[in-house]
>>> print(open('query_29.cif').read())   # mmCIF, C-alpha atoms and all ligand atoms
data_my_file
#
loop_
_atom_site.group_PDB
_atom_site.id
_atom_site.type_symbol
_atom_site.label_atom_id
_atom_site.label_comp_id
_atom_site.auth_asym_id
_atom_site.auth_seq_id
_atom_site.Cartn_x
_atom_site.Cartn_y
_atom_site.Cartn_z
ATOM 1 C CA MET A 153 131.213 74.569 64.570
ATOM 2 C CA LEU A 154 130.375 71.141 66.001
ATOM 3 C CA GLU A 155 129.132 68.574 63.492
ATOM 4 C CA VAL A 156 127.707 65.208 64.366
ATOM 5 C CA ILE A 157 127.510 62.968 61.305
ATOM 6 C CA GLN A 158 125.622 59.668 61.246
ATOM 7 C CA LEU A 159 126.625 59.051 64.874
ATOM 8 C CA THR A 160 125.829 55.510 65.993
ATOM 9 C CA LYS A 161 126.347 53.674 69.292
ATOM 10 C CA HIS A 162 125.431 50.055 70.011
ATOM 11 C CA PHE A 163 125.936 48.496 73.443
ATOM 12 C CA THR A 164 126.422 44.733 73.544
ATOM 13 C CA GLN A 165 126.058 42.915 76.840
ATOM 14 C CA GLY A 166 126.146 39.290 77.980
ATOM 15 C CA LEU A 167 128.766 36.588 77.533
ATOM 16 C CA LEU A 168 126.779 33.617 76.234
ATOM 17 C CA LYS A 169 123.496 35.229 75.286
ATOM 18 C CA LYS A 170 124.468 38.551 73.726
ATOM 19 C CA LYS A 171 121.991 41.417 73.799
ATOM 20 C CA THR A 172 122.552 44.536 71.701
ATOM 21 C CA THR A 173 120.968 47.893 72.464
ATOM 22 C CA TYR A 174 120.847 50.273 69.496
ATOM 23 C CA ALA A 175 121.150 53.356 71.701
ATOM 24 C CA VAL A 176 121.999 55.917 68.973
ATOM 25 C CA GLN A 177 121.355 55.293 65.291
ATOM 26 C CA ALA A 178 122.714 57.536 62.528
ATOM 27 C CA VAL A 179 122.166 60.834 64.376
ATOM 28 C CA SER A 180 123.306 63.989 62.530
ATOM 29 C CA PHE A 181 123.159 67.660 63.526
ATOM 30 C CA GLN A 182 125.249 70.822 63.568
ATOM 31 C CA LEU A 183 125.859 73.347 66.333
ATOM 32 C CA PRO A 184 127.202 76.750 65.231
ATOM 33 C CA PRO A 185 129.327 78.743 67.753
ATOM 34 C CA GLY A 186 127.363 80.595 70.421
ATOM 35 C CA LYS A 187 124.088 78.819 69.635
ATOM 36 C CA THR A 188 121.940 76.427 71.659
ATOM 37 C CA LEU A 189 120.821 73.049 70.371
ATOM 38 C CA GLY A 190 118.014 71.407 72.334
ATOM 39 C CA ILE A 191 117.873 67.610 72.423
ATOM 40 C CA MET A 192 114.523 66.310 73.523
ATOM 41 C CA GLY A 193 113.140 62.784 73.751
ATOM 42 C CA THR A 194 111.573 60.307 76.117
ATOM 43 C CA SER A 195 113.532 58.166 78.576
ATOM 44 C CA GLY A 196 115.877 55.715 76.835
ATOM 45 C CA SER A 197 115.758 57.541 73.487
ATOM 46 C CA GLY A 198 119.554 57.951 73.456
ATOM 47 C CA LYS A 199 120.017 61.574 74.605
ATOM 48 C CA SER A 200 122.612 60.894 77.321
ATOM 49 C CA THR A 201 124.504 58.529 75.036
ATOM 50 C CA VAL A 202 124.816 61.330 72.454
ATOM 51 C CA ALA A 203 126.065 63.623 75.259
ATOM 52 C CA ARG A 204 128.686 61.103 76.439
ATOM 53 C CA LEU A 205 129.842 60.485 72.849
ATOM 54 C CA ILE A 206 130.342 64.212 72.185
ATOM 55 C CA ALA A 207 132.160 64.671 75.517
ATOM 56 C CA GLY A 208 134.538 61.863 74.498
ATOM 57 C CA LEU A 209 133.606 59.617 77.434
ATOM 58 C CA ILE A 210 132.641 56.740 75.141
ATOM 59 C CA ARG A 211 133.573 55.878 71.555
ATOM 60 C CA PRO A 212 130.968 55.565 68.785
ATOM 61 C CA THR A 213 130.238 52.351 66.920
ATOM 62 C CA ALA A 214 130.103 54.371 63.689
ATOM 63 C CA GLY A 215 129.800 57.942 62.463
ATOM 64 C CA GLN A 216 131.853 61.071 63.100
ATOM 65 C CA ILE A 217 132.070 63.977 65.515
ATOM 66 C CA VAL A 218 133.842 66.905 63.851
ATOM 67 C CA TYR A 219 134.885 69.936 65.916
ATOM 68 C CA GLN A 220 136.355 73.019 64.230
ATOM 69 C CA GLY A 221 137.285 70.833 61.248
ATOM 70 C CA THR A 222 139.004 68.055 63.293
ATOM 71 C CA VAL A 223 137.461 64.581 63.168
ATOM 72 C CA LEU A 224 137.488 63.712 66.882
ATOM 73 C CA THR A 225 136.315 60.170 66.361
ATOM 74 C CA GLY A 226 139.619 59.218 64.680
ATOM 75 C CA LEU A 227 141.894 60.579 67.448
ATOM 76 C CA SER A 228 143.882 58.631 70.038
ATOM 77 C CA ALA A 229 143.141 59.223 73.736
ATOM 78 C CA ALA A 230 146.122 61.608 74.011
ATOM 79 C CA GLU A 231 145.118 63.542 70.886
ATOM 80 C CA LEU A 232 141.546 63.780 72.174
ATOM 81 C CA ARG A 233 142.503 65.225 75.600
ATOM 82 C CA PRO A 234 142.607 68.949 74.619
ATOM 83 C CA PHE A 235 139.266 68.584 72.855
ATOM 84 C CA ARG A 236 137.716 66.923 75.925
ATOM 85 C CA ARG A 237 138.529 70.100 77.836
ATOM 86 C CA LYS A 238 136.751 72.188 75.192
ATOM 87 C CA LEU A 239 133.638 69.969 75.175
ATOM 88 C CA GLN A 240 132.422 69.785 78.766
ATOM 89 C CA LEU A 241 129.510 67.723 80.093
ATOM 90 C CA VAL A 242 127.301 68.696 83.040
ATOM 91 C CA CYS A 243 124.964 65.927 84.231
ATOM 92 C CA GLN A 244 121.646 65.820 86.041
ATOM 93 C CA HIS A 245 123.002 64.457 89.356
ATOM 94 C CA PRO A 246 125.294 67.220 90.672
ATOM 95 C CA GLY A 247 125.528 65.429 94.034
ATOM 96 C CA LEU A 248 127.037 62.356 92.380
ATOM 97 C CA ALA A 249 129.504 64.430 90.354
ATOM 98 C CA LEU A 250 131.106 65.832 93.529
ATOM 99 C CA ASP A 251 133.397 63.804 95.804
ATOM 100 C CA PRO A 252 131.883 63.879 99.346
ATOM 101 C CA ARG A 253 135.421 63.921 100.883
ATOM 102 C CA GLN A 254 136.485 67.035 98.977
ATOM 103 C CA THR A 255 135.682 70.647 99.883
ATOM 104 C CA ILE A 256 134.062 72.721 97.152
ATOM 105 C CA ALA A 257 137.284 74.757 96.792
ATOM 106 C CA ASP A 258 139.266 71.562 96.125
ATOM 107 C CA ALA A 259 136.603 70.262 93.716
ATOM 108 C CA LEU A 260 136.924 73.486 91.702
ATOM 109 C CA ILE A 261 140.708 73.742 91.822
ATOM 110 C CA GLU A 262 141.730 70.129 91.128
ATOM 111 C CA PRO A 263 140.755 70.015 87.418
ATOM 112 C CA LEU A 264 142.525 73.357 86.859
ATOM 113 C CA TYR A 265 145.805 71.858 88.077
ATOM 114 C CA VAL A 266 145.231 68.627 86.144
ATOM 115 C CA HIS A 267 144.772 70.598 82.901
ATOM 116 C CA LYS A 268 147.673 72.944 83.818
ATOM 117 C CA LEU A 269 145.448 76.035 83.638
ATOM 118 C CA ILE A 270 146.880 77.362 86.916
ATOM 119 C CA ARG A 271 150.374 77.120 88.367
ATOM 120 C CA SER A 272 150.211 79.001 91.659
ATOM 121 C CA ARG A 273 147.958 79.566 94.664
ATOM 122 C CA SER A 274 147.321 83.182 93.661
ATOM 123 C CA GLN A 275 146.235 82.094 90.173
ATOM 124 C CA ALA A 276 143.934 79.512 91.786
ATOM 125 C CA LEU A 277 142.342 82.121 94.070
ATOM 126 C CA SER A 278 141.787 84.563 91.235
ATOM 127 C CA LYS A 279 140.230 81.823 89.090
ATOM 128 C CA LEU A 280 137.967 80.720 91.982
ATOM 129 C CA ASP A 281 136.833 84.308 92.420
ATOM 130 C CA LYS A 282 135.845 84.532 88.733
ATOM 131 C CA LEU A 283 134.033 81.179 88.809
ATOM 132 C CA LEU A 284 132.030 82.114 91.906
ATOM 133 C CA HIS A 285 131.140 85.432 90.316
ATOM 134 C CA ILE A 286 129.979 83.956 87.010
ATOM 135 C CA THR A 287 127.879 81.264 88.712
ATOM 136 C CA GLN A 288 126.573 83.725 91.334
ATOM 137 C CA LEU A 289 127.810 81.735 94.330
ATOM 138 C CA SER A 290 128.906 83.145 97.670
ATOM 139 C CA PRO A 291 132.537 82.524 98.789
ATOM 140 C CA ASP A 292 131.151 80.804 101.966
ATOM 141 C CA VAL A 293 130.502 77.761 99.824
ATOM 142 C CA LEU A 294 134.225 77.103 99.245
ATOM 143 C CA THR A 295 134.913 75.593 102.672
ATOM 144 C CA LYS A 296 131.832 73.369 102.603
ATOM 145 C CA TYR A 297 131.473 69.719 101.592
ATOM 146 C CA PRO A 298 128.956 68.574 98.940
ATOM 147 C CA TRP A 299 126.562 67.218 101.587
ATOM 148 C CA GLN A 300 126.404 70.655 103.256
ATOM 149 C CA ILE A 301 125.020 72.510 100.214
ATOM 150 C CA SER A 302 121.657 72.578 98.413
ATOM 151 C CA GLY A 303 120.918 70.847 95.088
ATOM 152 C CA GLY A 304 120.820 74.219 93.311
ATOM 153 C CA GLN A 305 124.210 75.217 94.769
ATOM 154 C CA ALA A 306 125.659 71.811 93.823
ATOM 155 C CA GLN A 307 124.511 72.275 90.227
ATOM 156 C CA ARG A 308 126.109 75.749 90.138
ATOM 157 C CA ILE A 309 129.365 74.248 91.476
ATOM 158 C CA VAL A 310 129.339 71.549 88.796
ATOM 159 C CA ILE A 311 128.712 74.232 86.143
ATOM 160 C CA ALA A 312 131.504 76.380 87.655
ATOM 161 C CA ARG A 313 133.883 73.404 87.589
ATOM 162 C CA ALA A 314 133.118 72.779 83.913
ATOM 163 C CA LEU A 315 133.485 76.499 83.068
ATOM 164 C CA GLY A 316 136.850 76.614 84.853
ATOM 165 C CA LEU A 317 138.241 74.516 82.014
ATOM 166 C CA GLU A 318 137.248 77.279 79.573
ATOM 167 C CA PRO A 319 135.069 75.049 77.379
ATOM 168 C CA GLU A 320 133.761 76.170 74.009
ATOM 169 C CA VAL A 321 130.816 73.771 74.087
ATOM 170 C CA LEU A 322 128.855 72.948 77.243
ATOM 171 C CA ILE A 323 126.634 69.876 77.129
ATOM 172 C CA ALA A 324 124.022 70.148 79.861
ATOM 173 C CA ASP A 325 122.264 66.796 80.293
ATOM 174 C CA GLU A 326 118.975 67.453 82.112
ATOM 175 C CA PRO A 327 120.756 70.070 84.262
ATOM 176 C CA THR A 328 117.605 70.917 86.181
ATOM 177 C CA ALA A 329 115.894 67.525 86.411
ATOM 178 C CA MET A 330 116.679 67.049 90.120
ATOM 179 C CA LEU A 331 115.837 70.621 91.163
ATOM 180 C CA ASP A 332 112.715 72.478 92.379
ATOM 181 C CA ILE A 333 110.821 74.482 89.762
ATOM 182 C CA SER A 334 112.077 77.874 91.040
ATOM 183 C CA VAL A 335 115.711 76.672 91.126
ATOM 184 C CA GLN A 336 115.304 75.149 87.630
ATOM 185 C CA ALA A 337 114.501 78.591 86.231
ATOM 186 C CA GLN A 338 117.523 80.124 88.030
ATOM 187 C CA ILE A 339 119.916 77.527 86.565
ATOM 188 C CA LEU A 340 118.555 77.949 83.024
ATOM 189 C CA THR A 341 118.785 81.736 83.295
ATOM 190 C CA LEU A 342 122.339 81.333 84.598
ATOM 191 C CA LEU A 343 123.338 79.117 81.657
ATOM 192 C CA LYS A 344 121.872 81.536 79.112
ATOM 193 C CA GLY A 345 123.585 84.476 80.869
ATOM 194 C CA ILE A 346 126.954 82.686 80.792
ATOM 195 C CA GLN A 347 126.412 81.937 77.112
ATOM 196 C CA GLN A 348 125.813 85.624 76.389
ATOM 197 C CA GLN A 349 128.946 86.632 78.330
ATOM 198 C CA THR A 350 131.299 83.979 76.962
ATOM 199 C CA GLY A 351 129.942 83.022 73.514
ATOM 200 C CA LEU A 352 129.726 79.383 74.634
ATOM 201 C CA SER A 353 127.821 76.916 72.451
ATOM 202 C CA LEU A 354 125.262 74.943 74.418
ATOM 203 C CA ILE A 355 123.680 71.522 73.986
ATOM 204 C CA LEU A 356 120.709 71.408 76.297
ATOM 205 C CA ILE A 357 119.151 68.005 76.896
ATOM 206 C CA SER A 358 115.695 68.000 78.419
ATOM 207 C CA HIS A 359 112.456 66.052 78.583
ATOM 208 C CA ASP A 360 110.635 69.351 78.974
ATOM 209 C CA PRO A 361 109.268 71.069 75.830
ATOM 210 C CA ASP A 362 108.951 74.346 77.754
ATOM 211 C CA VAL A 363 112.675 74.310 78.617
ATOM 212 C CA ILE A 364 113.622 73.596 74.996
ATOM 213 C CA LYS A 365 111.252 76.254 73.689
ATOM 214 C CA ALA A 366 112.597 78.881 76.103
ATOM 215 C CA CYS A 367 116.303 78.158 75.573
ATOM 216 C CA ALA A 368 117.087 76.477 72.234
ATOM 217 C CA ASP A 369 117.736 78.067 68.819
ATOM 218 C CA HIS A 370 117.349 74.705 67.093
ATOM 219 C CA MET A 371 116.163 71.324 68.338
ATOM 220 C CA VAL A 372 116.125 67.634 67.583
ATOM 221 C CA ASN A 373 113.583 65.221 68.962
ATOM 222 C CA MET A 374 114.935 61.697 69.522
ATOM 223 C CA VAL A 375 112.835 58.541 69.436
ATOM 224 C CA ASN A 376 114.408 55.076 69.873
ATOM 225 C CA GLY A 377 117.922 56.346 69.157
ATOM 226 C CA LYS A 378 116.992 58.208 65.968
ATOM 227 C CA ILE A 379 116.141 61.803 65.167
ATOM 228 C CA ALA A 380 112.388 61.874 64.565
ATOM 229 C CA ALA A 381 112.175 65.642 63.992
ATOM 230 C CA ALA A 382 114.590 68.579 63.733
ATOM 231 C CA GLY A 383 114.148 72.309 63.294
ATOM 232 C CA LEU A 384 113.080 75.468 65.086
ATOM 233 C CA PRO A 385 111.555 74.689 68.503
ATOM 234 C CA SER A 386 108.642 77.023 67.765
ATOM 235 C CA LYS A 387 107.814 74.887 64.714
ATOM 236 C CA ILE A 388 108.627 71.376 65.961
ATOM 237 C CA LEU A 389 106.840 71.806 69.272
ATOM 238 C CA THR A 390 103.666 73.124 67.718
ATOM 239 C CA GLN A 391 103.405 70.684 64.819
ATOM 240 C CA SER A 392 100.081 68.963 65.242
ATOM 241 C CA GLY A 393 100.280 65.856 67.370
ATOM 242 C CA ASN A 394 103.990 66.234 68.134
ATOM 243 C CA LEU A 395 103.725 67.968 71.483
ATOM 244 C CA PHE A 396 100.737 65.875 72.412
ATOM 245 C CA SER A 397 102.515 62.598 71.758
ATOM 246 C CA LEU A 398 105.604 63.729 73.715
ATOM 247 C CA ARG A 399 103.534 64.843 76.680
ATOM 248 C CA GLN A 400 101.495 61.635 76.506
ATOM 249 C CA ALA A 401 104.663 59.515 76.418
ATOM 250 C CA MET A 402 106.037 61.360 79.453
ATOM 251 C CA LEU A 403 102.749 60.875 81.281
ATOM 252 C CA ASN A 404 102.771 57.168 80.484
ATOM 253 C CA GLN A 405 106.358 56.918 81.721
ATOM 254 C CA SER A 406 105.565 58.591 85.013
ATOM 255 C CA ASN A 407 102.744 56.023 85.396
ATOM 256 C CA GLY A 408 105.276 53.232 84.855
ATOM 257 C CA GLY A 409 104.205 52.737 81.242
ATOM 258 C CA ILE A 410 106.020 52.703 77.913
ATOM 259 C CA GLN A 411 109.769 53.166 77.380
HETATM 260 N N1 LIG B 1 126.587 51.550 79.164
HETATM 261 C C1 LIG B 1 125.470 51.024 78.645
HETATM 262 N N2 LIG B 1 125.358 49.694 78.440
HETATM 263 C C2 LIG B 1 124.247 49.163 77.911
HETATM 264 N N3 LIG B 1 123.165 49.879 77.535
HETATM 265 C C3 LIG B 1 123.215 51.203 77.716
HETATM 266 C C4 LIG B 1 124.362 51.850 78.268
HETATM 267 N N4 LIG B 1 124.121 53.200 78.330
HETATM 268 C C5 LIG B 1 122.886 53.376 77.830
HETATM 269 N N5 LIG B 1 122.338 52.188 77.458
HETATM 270 C C6 LIG B 1 121.015 51.969 76.852
HETATM 271 O O1 LIG B 1 120.934 52.813 75.714
HETATM 272 C C7 LIG B 1 119.614 53.324 75.585
HETATM 273 C C8 LIG B 1 119.674 54.845 75.557
HETATM 274 O O2 LIG B 1 120.053 55.291 76.859
HETATM 275 P P1 LIG B 1 120.279 56.831 77.214
HETATM 276 O O3 LIG B 1 120.693 56.896 78.646
HETATM 277 O O4 LIG B 1 121.164 57.428 76.198
HETATM 278 O O5 LIG B 1 118.806 57.421 77.022
HETATM 279 P P2 LIG B 1 118.214 58.836 77.500
HETATM 280 O O6 LIG B 1 117.364 59.319 76.400
HETATM 281 O O7 LIG B 1 119.312 59.718 77.975
HETATM 282 O O8 LIG B 1 117.318 58.399 78.742
HETATM 283 P P3 LIG B 1 116.998 59.224 80.107
HETATM 284 O O9 LIG B 1 116.182 60.407 79.685
HETATM 285 O O10 LIG B 1 116.217 58.236 80.912
HETATM 286 O O11 LIG B 1 118.314 59.586 80.731
HETATM 287 C C9 LIG B 1 118.805 52.772 76.749
HETATM 288 O O12 LIG B 1 118.118 51.627 76.306
HETATM 289 C C10 LIG B 1 119.880 52.407 77.765
HETATM 290 O O13 LIG B 1 119.460 51.354 78.586
#
>>> encode(input="query_29.cif", output="C-alpha cells", more="lines below")
Ligand SMILES: Nc1ncnc2c1ncn2[C@@H]1O[C@H](COP(=O)(O)OP(=O)(O)OP(=O)(O)O)[C@@H](O)[C@H]1O
Amino acid sequence: MLEVIQLTKHFTQGLLKKKTTYAVQAVSFQLPPGKTLGIMGTSGSGKSTVARLIAGLIRPTAGQIVYQGTVLTGLSAAELRPFRRKLQLVCQHPGLALDPRQTIADALIEPLYVHKLIRSRSQALSKLDKLLHITQLSPDVLTKYPWQISGGQAQRIVIARALGLEPEVLIADEPTAMLDISVQAQILTLLKGIQQQTGLSLILISHDPDVIKACADHMVNMVNGKIAAAGLPSKILTQSGNLFSLRQAMLNQSNGGIQ
C-alpha cells in the first residue's frame, strides 16, 4: 500500500526578490496494491510535482510518503535507493528520456547493471527478451537509436526500461500526451495489460477525463496544488458541473487562457 499524507511542496526562487510557488498543498491519498489511481487536473495544478515526489526525485516541504509501512520521506538518499527502484516514473516526453547517443539495447540494459539485477550477458539477453515481449516490441528496435524510432515505440521503450527494474508502483505522467490518438489507446491498453500480468499498482496522470474514466479505479482531481475532489471516476466525472468546468478550463488553456 502506498500512502501519501498531507504532502506539500513549495518552490522558492530568486535571490533578492523571493517568489514562492505552492505547487502541492496537503495532498493525501492511498493506493492499494494492483489498483490504479488517476490524478487529473489542469496545467500547473501540481500533478507532475506529486509524481516526482513519490518517485523520490525531489523532497517534500512537509508531509509523508509511506510505502509498505516505511516512511520514505525520513530516509537518507542511500536508504531511499531500493525504494526508488520500486517506485518508477514514466514521463510524457519519451524522446527526452532516452540518450540520443545510446542504442535502445544499451538504454534498456544500463539501469539493470546499475541496480545489479543482471550480472552476465546471457542474463541481459534473457531480460531484454522478456521486456520486448511484455511491451510488444520487435527485436529490430534494439540496434536502433532513439531518433530512428516512432513516438509510440519510444514510449514503449521507456515503459520497458522502467519495468526492467521490477517496480511495484508505476507512475505514468501523461504517458500518451505526445502521441497520436490511435497510439494513445495502444499504450493505455498495454499499461493495463501489464498491470493484469504483474499486479503492478499504477498512478496515471492525465488531463483527459476519458483516460481516467477508462483506466482508474479511484481518482483525485487537483486544482491549484490541492485535491478538489476524490472518489470513483464514474462519480467524480459525472458530478454536475465538474466535468464541464474541467473541459472548459482545458479549452481556455488551449486558447492561451487561464492557468
Ligand atoms: N522546479 C520548480 N521550480 C519552481 N516552480 C516549479 C518547479 N516545478 C514545478 N513548479 C511550479 O509548480 C506548479 C505545479 O507544477 P506541475 O508541473 O506539478 O503541474 P502539472 O499539473 O503537472 O502541470 P502540467 O499538466 O502542465 O504538466 C507550477 O506553477 C510550476 O510552475
>>> residues_near_ligand(input="query_29.cif", ligand="ligand LIG 1 (chain B)", cutoff="10 Å", atoms="only C-alpha atoms and all ligand atoms", output="VMD selection string")
chain A and resid 161 to 165 171 to 176 191 to 205 210 243 to 244 325 to 326 329 357 to 359 374 to 377 405 411
>>> resolve_selection(input="query_29.cif", expression="the PyMOL selection byres (((chain A and resi 305) around 10) and not hetatm)", output="VMD selection string")
chain A and resid 246 to 247 287 to 290 293 298 300 to 304 306 to 311 335 339
>>> closest_residue(input="query_29.cif", among="A:Phe235, A:Gln216, A:Ile206, A:Gly190", to="Gln158 in chain A", atoms="all atoms listed in the file")
A:Gln216
>>> resolve_selection(input="query_29.cif", expression="the PyMOL selection byres (((chain A and resi 222) around 12) and not hetatm)", output="number ranges by chain")
A: 153-156, 216-221, 223-227, 231-232, 234-235
>>> atom_distance(input="query_29.cif", atom1="CA of Ile157 in chain A", atom2="CA of Ser180 in chain A")
4.5 Å
>>> atom_distance(input="query_29.cif", atom1="CA of Thr188 in chain A", atom2="CA of Leu239 in chain A")
13.8 Å
>>> resolve_selection(input="query_29.cif", expression="the PyMOL selection byres (((chain A and resi 367) around 8) and not hetatm)", output="ChimeraX atom specification")
/A:188,190,340,344,363-366,368-369
>>> closest_residue(input="query_29.cif", among="A:Ala337, A:Ile261, A:Val372, A:Leu352", to="Pro319 in chain A", atoms="all atoms listed in the file")
A:Leu352
>>> atom_distance(input="query_29.cif", atom1="CA of Gln177 in chain A", atom2="CA of Ala214 in chain A")
8.9 Å
>>> decode(input="query_29.cif", residues="range 347-372 of chain A", atoms="N, CA and C atoms", output="short mmCIF file (atom, residue, chain, number, x, y, z; two decimals), in the first residue's frame")
data_model
loop_
_atom_site.label_atom_id
_atom_site.label_comp_id
_atom_site.auth_asym_id
_atom_site.auth_seq_id
_atom_site.Cartn_x
_atom_site.Cartn_y
_atom_site.Cartn_z
N GLN A 347 -0.37 -4.44 -16.02
CA GLN A 347 -0.87 -4.43 -14.64
C GLN A 347 -1.55 -5.76 -14.30
N GLN A 348 -2.35 -6.25 -15.26
CA GLN A 348 -3.04 -7.53 -15.00
C GLN A 348 -2.04 -8.68 -14.86
N GLN A 349 -0.97 -8.64 -15.70
CA GLN A 349 0.01 -9.74 -15.66
C GLN A 349 0.89 -9.69 -14.41
N THR A 350 1.24 -8.46 -13.98
CA THR A 350 2.27 -8.35 -12.93
C THR A 350 1.73 -7.93 -11.57
N GLY A 351 0.50 -7.43 -11.50
CA GLY A 351 -0.05 -6.97 -10.22
C GLY A 351 0.47 -5.60 -9.80
N LEU A 352 1.07 -4.90 -10.78
CA LEU A 352 1.62 -3.56 -10.55
C LEU A 352 0.53 -2.58 -10.10
N SER A 353 0.90 -1.67 -9.19
CA SER A 353 -0.01 -0.56 -8.88
C SER A 353 0.34 0.58 -9.83
N LEU A 354 -0.66 1.32 -10.23
CA LEU A 354 -0.45 2.35 -11.26
C LEU A 354 -0.98 3.69 -10.79
N ILE A 355 -0.16 4.74 -10.97
CA ILE A 355 -0.67 6.11 -10.81
C ILE A 355 -0.68 6.69 -12.21
N LEU A 356 -1.84 7.02 -12.69
CA LEU A 356 -1.98 7.50 -14.06
C LEU A 356 -2.37 8.97 -14.02
N ILE A 357 -1.47 9.82 -14.53
CA ILE A 357 -1.72 11.26 -14.52
C ILE A 357 -2.18 11.66 -15.91
N SER A 358 -3.30 12.36 -15.97
CA SER A 358 -3.82 12.75 -17.28
C SER A 358 -4.71 13.97 -17.17
N HIS A 359 -4.69 14.78 -18.24
CA HIS A 359 -5.65 15.88 -18.35
C HIS A 359 -7.01 15.34 -18.78
N ASP A 360 -7.01 14.13 -19.34
CA ASP A 360 -8.16 13.67 -20.12
C ASP A 360 -9.13 12.85 -19.27
N PRO A 361 -10.36 13.36 -19.05
CA PRO A 361 -11.33 12.63 -18.24
C PRO A 361 -11.64 11.25 -18.81
N ASP A 362 -11.60 11.13 -20.15
CA ASP A 362 -11.92 9.83 -20.76
C ASP A 362 -10.86 8.79 -20.40
N VAL A 363 -9.59 9.22 -20.35
CA VAL A 363 -8.49 8.30 -20.00
C VAL A 363 -8.67 7.85 -18.55
N ILE A 364 -8.97 8.81 -17.67
CA ILE A 364 -9.12 8.49 -16.24
C ILE A 364 -10.32 7.55 -16.06
N LYS A 365 -11.40 7.87 -16.75
CA LYS A 365 -12.61 7.06 -16.60
C LYS A 365 -12.37 5.62 -17.07
N ALA A 366 -11.62 5.48 -18.17
CA ALA A 366 -11.39 4.15 -18.74
C ALA A 366 -10.42 3.33 -17.89
N CYS A 367 -9.48 3.98 -17.21
CA CYS A 367 -8.36 3.23 -16.61
C CYS A 367 -8.34 3.21 -15.09
N ALA A 368 -8.90 4.24 -14.42
CA ALA A 368 -8.64 4.37 -12.97
C ALA A 368 -9.74 3.72 -12.12
N ASP A 369 -9.30 3.13 -10.98
CA ASP A 369 -10.26 2.59 -10.00
C ASP A 369 -10.74 3.71 -9.09
N HIS A 370 -9.85 4.68 -8.86
CA HIS A 370 -10.12 5.77 -7.93
C HIS A 370 -9.44 6.99 -8.53
N MET A 371 -9.93 8.18 -8.25
CA MET A 371 -9.27 9.36 -8.82
C MET A 371 -9.23 10.53 -7.85
N VAL A 372 -8.27 11.41 -8.08
CA VAL A 372 -8.29 12.71 -7.40
C VAL A 372 -8.21 13.77 -8.48
#
